[in-house]
Amino acid sequence: MSVQEPGNILGFDVRSVAGIPLRFDELAGKVVLIVNTASQCGFTPQYAGLQKLHETYGERGLVVIGFPCNQFGGQEPGDEAAISHFCETHFGVSFLLTEKVEVNGANAHPLFKFLTAALPGVLGTQPVKWNFTKFLVDKAGVPVKRYASMTPPEDLAKDIEALL
């Protein structure tokens, strides 16, 4: 991780599913939707809804980023190549996918440590509860809303439009 600006995500970085560095400072001026994903989860069909958001709002400045994670029931066991192939062939995913990360615990990616502290979940609990937890970030890189796994991507459209 690079040095983080207080209160926003613009100081973070990660590698794409293809191993290419992604610097979040390059996302300044964009609305960002960050989602921890998994290929063998009951919520996996949400990939289609995330792709639809990407297609609908991408040209207007939305960046959808999926962070594959195997911390919940071992539901993302594959390597990056397998994850990428699955997402492309089953859901036509063309939005950004990152390397596999942890979202909770001592080895959690620093971005998720920041997001969960900035936007605690139900009753103020910080840890991500399950796959497909979503974090919406404004154009300044400030986290504005957290959504539970069961919230379908299409339910975020109104909030995304308000930020665009």
# chains A, B, ... in the order shown; residues from 1 in each chain; ligands from 1
>>> select_by_dssp(residues="range 58-114 of chain A", states="strand (DSSP E)", output="number ranges by chain")
A: 62-68, 96-97
>>> atom_distance(atom1="CA of Ala81 in chain A", atom2="CA of Ala148 in chain A")
27.2 Å
>>> atom_distance(atom1="CA of Thr98 in chain A", atom2="CA of Val35 in chain A")
10.4 Å
>>> residues_around(residues="Trp130 in chain A", least_positions_apart="6", cutoff="12 Å", atoms="only C-alpha atoms", output="tab-separated table (two decimals) with N, CA, C and O atoms, in the first residue's frame")
chain	number	residue	atom	x	y	z
A	35	VAL	N	-16.52	-4.31	-4.08
A	35	VAL	CA	-17.30	-5.47	-3.66
A	35	VAL	C	-16.36	-6.64	-3.43
A	35	VAL	O	-15.51	-6.94	-4.27
A	36	ASN	N	-16.50	-7.32	-2.28
A	36	ASN	CA	-15.75	-8.57	-2.11
A	36	ASN	C	-16.59	-9.68	-2.75
A	36	ASN	O	-17.79	-9.78	-2.51
A	37	THR	N	-15.97	-10.45	-3.61
A	37	THR	CA	-16.69	-11.41	-4.44
A	37	THR	C	-16.22	-12.84	-4.21
A	37	THR	O	-15.16	-13.07	-3.63
A	38	ALA	N	-17.02	-13.78	-4.70
A	38	ALA	CA	-16.67	-15.20	-4.66
A	38	ALA	C	-17.44	-15.93	-5.75
A	38	ALA	O	-18.58	-15.58	-6.05
A	41	CYS	N	-20.66	-18.90	-4.36
A	41	CYS	CA	-21.50	-18.39	-3.28
A	41	CYS	C	-22.94	-18.29	-3.76
A	41	CYS	O	-23.19	-18.15	-4.96
A	42	GLY	N	-23.87	-18.35	-2.85
A	42	GLY	CA	-25.26	-18.14	-3.21
A	42	GLY	C	-25.52	-16.77	-3.81
A	42	GLY	O	-26.48	-16.58	-4.54
A	43	PHE	N	-24.64	-15.81	-3.52
A	43	PHE	CA	-24.77	-14.46	-4.06
A	43	PHE	C	-23.99	-14.26	-5.37
A	43	PHE	O	-24.01	-13.17	-5.94
A	44	THR	N	-23.30	-15.30	-5.85
A	44	THR	CA	-22.49	-15.19	-7.05
A	44	THR	C	-23.27	-14.63	-8.25
A	44	THR	O	-22.71	-13.87	-9.03
A	68	PRO	N	-11.96	-10.59	-5.25
A	68	PRO	CA	-12.19	-11.98	-4.88
A	68	PRO	C	-11.61	-12.30	-3.50
A	68	PRO	O	-10.51	-11.85	-3.16
A	69	CYS	N	-12.38	-13.07	-2.72
A	69	CYS	CA	-11.98	-13.39	-1.35
A	69	CYS	C	-12.44	-14.80	-1.01
A	69	CYS	O	-13.57	-15.18	-1.32
A	70	ASN	N	-11.57	-15.56	-0.38
A	70	ASN	CA	-11.87	-16.95	-0.02
A	70	ASN	C	-12.10	-17.13	1.48
A	70	ASN	O	-12.06	-18.24	1.99
A	71	GLN	N	-12.39	-16.05	2.19
A	71	GLN	CA	-12.52	-16.13	3.65
A	71	GLN	C	-13.87	-16.63	4.13
A	71	GLN	O	-14.01	-16.91	5.31
A	72	PHE	N	-14.84	-16.73	3.27
A	72	PHE	CA	-16.19	-17.09	3.71
A	72	PHE	C	-16.58	-18.43	3.10
A	72	PHE	O	-16.96	-18.51	1.94
A	73	GLY	N	-16.45	-19.47	3.88
A	73	GLY	CA	-16.85	-20.80	3.44
A	73	GLY	C	-15.99	-21.37	2.31
A	73	GLY	O	-16.40	-22.30	1.63
A	74	GLY	N	-14.80	-20.82	2.09
A	74	GLY	CA	-13.93	-21.33	1.03
A	74	GLY	C	-14.58	-21.24	-0.34
A	74	GLY	O	-14.36	-22.10	-1.19
A	75	GLN	N	-15.37	-20.18	-0.57
A	75	GLN	CA	-16.17	-20.09	-1.78
A	75	GLN	C	-15.46	-19.42	-2.96
A	75	GLN	O	-16.06	-19.16	-3.99
A	102	GLU	N	-7.78	-10.85	1.38
A	102	GLU	CA	-8.54	-11.08	2.59
A	102	GLU	C	-9.19	-9.76	2.97
A	102	GLU	O	-8.60	-8.68	2.75
A	103	VAL	N	-10.40	-9.82	3.50
A	103	VAL	CA	-11.12	-8.59	3.85
A	103	VAL	C	-11.29	-8.41	5.35
A	103	VAL	O	-11.69	-7.35	5.80
A	104	ASN	N	-10.98	-9.44	6.12
A	104	ASN	CA	-11.07	-9.41	7.58
A	104	ASN	C	-9.79	-9.95	8.18
A	104	ASN	O	-9.06	-10.71	7.54
A	121	GLY	N	-20.72	-1.89	9.79
A	121	GLY	CA	-21.95	-2.56	9.39
A	121	GLY	C	-23.04	-2.44	10.45
A	121	GLY	O	-23.03	-1.54	11.28
A	147	TYR	N	-23.35	-1.66	1.89
A	147	TYR	CA	-24.54	-2.47	1.60
A	147	TYR	C	-24.25	-3.92	1.96
A	147	TYR	O	-23.17	-4.44	1.69
A	148	ALA	N	-25.24	-4.59	2.51
A	148	ALA	CA	-25.12	-5.99	2.89
A	148	ALA	C	-25.08	-6.90	1.66
A	148	ALA	O	-25.51	-6.51	0.57
A	149	SER	N	-24.61	-8.10	1.88
A	149	SER	CA	-24.53	-9.10	0.80
A	149	SER	C	-25.85	-9.29	0.09
A	149	SER	O	-25.90	-9.46	-1.12
A	150	MET	N	-26.94	-9.29	0.87
A	150	MET	CA	-28.24	-9.59	0.27
A	150	MET	C	-28.80	-8.44	-0.56
A	150	MET	O	-29.78	-8.61	-1.27
A	151	THR	N	-28.19	-7.26	-0.51
A	151	THR	CA	-28.67	-6.12	-1.29
A	151	THR	C	-28.28	-6.33	-2.74
A	151	THR	O	-27.09	-6.37	-3.07
>>> closest_residue(among="A:Ala48, A:Ile160, A:Ala18, A:Ala108", to="His85 in chain A", atoms="only C-alpha atoms")
A:Ala18
>>> atom_distance(atom1="CA of Gly19 in chain A", atom2="CA of Glu99 in chain A")
6.9 Å
>>> select_by_dssp(residues="range 19-122 of chain A", states="helix (DSSP H, G or I)", output="number ranges by chain")
A: 24-27, 46-60, 80-91, 110-118, 122
>>> residues_around(residues="Gly141 in chain A", least_positions_apart="2", cutoff="9 Å", atoms="only C-alpha atoms", output="list in words")
Gly7, Asn8, Ile9, Leu10, Phe24, Asp25, Leu27, Ala28, Gly29, Lys30, Val31, Val32, Val137, Asp138, Lys139 and Pro143 of chain A
>>> closest_residue(among="A:Glu88, A:Phe135, A:Ala82, A:Ala140", to="Glu26 in chain A", atoms="only C-alpha atoms")
A:Ala140
>>> closest_residue(among="A:Val64, A:Asp79, A:Gln126, A:Pro153", to="Ile34 in chain A", atoms="only C-alpha atoms")
A:Val64
>>> closest_residue(among="A:Arg146, A:Arg60, A:Lys129, A:Lys134", to="Glu161 in chain A", atoms="only C-alpha atoms")
A:Arg60
